[in-house]
Each structure stands twice: as C-alpha cells, then as structure tokens.
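S.K.: Before I ask anything, let me first share the structure, which is written out below as structure tokens.
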2 protein chains.
Amino acid sequence: MDERDFMKRAISISREMMLGLKGGPFGAVVVKDGEIVAEGHNQVTTANDPTAHAEVVAIREACRVLGTFNLEGCEIYASCEPCPMCLSAIYWARLGRIYYGNSRLDAAGIGFDDEFLYVEVAKPIEKREIPTVRIMAEEALGVFEEWEAMPDKVRY
Amino acid sequence: MDERDFMKRAISISREMMLGLKGGPFGAVVVKDGEIVAEGHNQVTTANDPTAHAEVVAIREACRVLGTFNLEGCEIYASCEPCPMCLSAIYWARLGRIYYGNSRLDAAGIGFDDEFLYVEVAKPIEKREIPTVRIMAEEALGVFEEWEAMPDKVRY
C-alpha cells in the first residue's frame, strides 16, 4: 500500500460513516511501517463527545493498539485538514507526518468553521470570545513546584 | 460553592493525581448551575492517551453524564491555562467560561511547552515542523458534496 491507498481508506471511512449516520464526513487512519494500525471517524454526535473528531479517535486507538502515548514513527492520513484541536493532538502524539485531502476552506464551505478557532487560539486571552479568568494562581503554582521536586515523575 | 471552591477542587485533583502517580499535575472540573458535573485529571502516561489532558477528560465525562455533545451553560475550571488542544476542545464543546490557575508560562517553567503549539498552529501549513502534504483533494471533496446534499444529517 502507498500513500494514495491510505488516503483512499481515510476518505472511504468518511463516506461510509457519513452515509451510515455515524457522524460528520471525516475519516482518518494512522499508519506505521507501511500498515494501518488504527482508524477513526467523526463521532461527535453519535458518541456525545465533542472531542471525537476522526483524528483524535484514530490517535487514541493507535495508542491503545501500540500500548504507548508516543506515536513517533507513525503518520496520519486525514480526509480533511485537521482542526486546531486535532493538529495539537497530532503534535502531542509526536506523529511524524500529516496527509490531508479537504482543506479548512472546503470544511468552512459545508459549515464546519475551523477558521474561527485558528483566530481565537491566536488571540490574547482577554480578547477571546469565551470569557477567561485567572484565579488562585498562587495555590495552583504550589502544585507545579511539588511536581518539579518529585523524583519519580514520568515526563512526557 | 463559589468560583474559588471550584478552582480549589481542580487544584486539589491536580495534586492528588500527581502524588498518586496518575499523570501530570493538571486537574479540571466542569460546573453547571453551581454544581460540579464532571472532573478530570491528566492521564496521558497512565492511560496511554496523548489527548487525555485534564480538560479533555472532564469535557468527555461531562458530556457522558449530561448526555449531550453541547456543554452550553457550563463552565470549566482548570488548574492550568488550557493548551491549544484543550482550548479548541472547550470551543467545540461550547463551554461558556474558563477559569484557570497556572499560566502557560508557569507550565513552560516545569517543562510543558504549550508555547510551541501556539506558534505551530498559527503557522501556514508549509512552514510547520511536521511535514504536511495535501493529496487526493478531489476525491475528498466528493464526500463533502454528498454531505451537503444529505437531507437527514445531524449538524453540530
């Protein structure tokens, strides 16, 4: 299988799950050493989980299958450009490469407004649409100081 | 309970779970109508899930408890400023307000580099650290066109 086959699978998942009323028209696969190790489809509405975008679902499944929280050496194929949530998840998972089909503009064209999120994430906190308030900074920082002092922590 | 009590609980979760070696020093609670409906703690390393940040865990749990993918009318209290993944998840979940304790700078100070993600997400695709390639755009777009034409789709 080559990169077109993997993308064909991601697109095929997006179509199957959409037609089966399983969620939005988005699919993704995670590939390691030339083989698909996990697949995901959008299931926001069917699983009642706003974080269940195709990429997040595929990443979680790949980590489960491989028994790791680090997907170094893996690639992700997404039928649509990952939104900022999924893109960030891809970085946290340490995936090595992203392939995508539809662009964020294509997504906006059918009512999925990722662009709004790019704008919001880049804003300073006090300018964001969601009111955001800092409280109890000192108490919170105490825990970080304890973390620093812990000898047996697992870094990631 | 008031906002300080809710934040106190988020911070307390972050400390308990850290000391119990259950994950990084991060906790969050989702509040609706003055009551905590869900709690979350970081479990990236213990659940082998790079998306299992405290906020994402709390959002998923709140949606499960309330039976919805839409947390309008809810607020989230996070012991640390949400990273771009969690912030995006908060927008997708339609939470109405964010309270946080530690800042992203505090997080960077103990080795959690969210700043890198803010920079990457804002970059044009071709400048990002993760190589990102668009392929099979036409085939992918076909599914979006089918979505547009579907009469019985659930929008979100």
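How things are named: the first chain in the structure tokens is A, the next is B, and so on; residues count from 1 in each chain; ligands count from 1 in the order shown.
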Run DSSP on the backbone and give me the residues of chain B it puts in helix (DSSP H, G or I), as number ranges by chain.
M.R.: B: 3-19, 54-66, 84-92, 104-109, 114-122, 125-127, 137-149
S.K.: Need the shell around A:Met7: protein/DNA/RNA residues with any atom at most 8 Å away, counting only C-alpha atoms. Skip same-chain ones fewer than 3 positions apart. Format as a ChimeraX atom specification?
M.R.: /A:3-4,10-11,29,77-79,99-101 /B:135-136
S.K.: Residues within 6 Å of A:Leu141, please, as a list in words. Count only C-alpha atoms; anything in the same chain fewer than 3 positions from it doesn't count.
M.R.: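 These residues fall inside the cut-off: Glu138 and Phe144 of chain A; Asn102 of chain B.
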S.K.: Within 7 Å of A:Leu95, counting only C-alpha atoms, which residues qualify if same-chain residues fewer than 3 places away don't, as an MDAnalysis selection string?
M.R.: chainID A and resid 71:75 90:91
S.K.: Now that the selection is made, can you save its residues with N, CA, C and O atoms as a PDB file, in the first residue's frame?
M.R.:
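Contents of part.pdb, freshly written:
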ATOM      1  N   LEU A  71       3.510   8.363  19.443  1.00  0.00           N
ATOM      2  CA  LEU A  71       3.368   7.763  18.110  1.00  0.00           C
ATOM      3  C   LEU A  71       4.494   8.178  17.160  1.00  0.00           C
ATOM      4  O   LEU A  71       4.296   8.265  15.944  1.00  0.00           O
ATOM      5  N   GLU A  72       5.672   8.421  17.715  1.00  0.00           N
ATOM      6  CA  GLU A  72       6.820   8.699  16.853  1.00  0.00           C
ATOM      7  C   GLU A  72       6.958   7.596  15.812  1.00  0.00           C
ATOM      8  O   GLU A  72       6.785   6.416  16.132  1.00  0.00           O
ATOM      9  N   GLY A  73       7.286   7.979  14.595  1.00  0.00           N
ATOM     10  CA  GLY A  73       7.442   6.976  13.536  1.00  0.00           C
ATOM     11  C   GLY A  73       6.140   6.620  12.847  1.00  0.00           C
ATOM     12  O   GLY A  73       6.126   5.840  11.905  1.00  0.00           O
ATOM     13  N   CYS A  74       5.040   7.207  13.315  1.00  0.00           N
ATOM     14  CA  CYS A  74       3.739   6.979  12.662  1.00  0.00           C
ATOM     15  C   CYS A  74       3.349   8.207  11.846  1.00  0.00           C
ATOM     16  O   CYS A  74       3.845   9.315  12.066  1.00  0.00           O
ATOM     17  N   GLU A  75       2.435   7.995  10.900  1.00  0.00           N
ATOM     18  CA  GLU A  75       1.894   9.076  10.081  1.00  0.00           C
ATOM     19  C   GLU A  75       0.383   9.045  10.168  1.00  0.00           C
ATOM     20  O   GLU A  75      -0.196   8.003  10.429  1.00  0.00           O
ATOM     21  N   ILE A  90      -2.086  15.920  17.335  1.00  0.00           N
ATOM     22  CA  ILE A  90      -1.074  15.289  16.473  1.00  0.00           C
ATOM     23  C   ILE A  90       0.335  15.637  16.970  1.00  0.00           C
ATOM     24  O   ILE A  90       1.218  14.778  17.021  1.00  0.00           O
ATOM     25  N   TYR A  91       0.530  16.894  17.371  1.00  0.00           N
ATOM     26  CA  TYR A  91       1.836  17.284  17.931  1.00  0.00           C
ATOM     27  C   TYR A  91       2.078  16.574  19.265  1.00  0.00           C
ATOM     28  O   TYR A  91       3.152  16.029  19.490  1.00  0.00           O
TER      29      TYR A  91
END
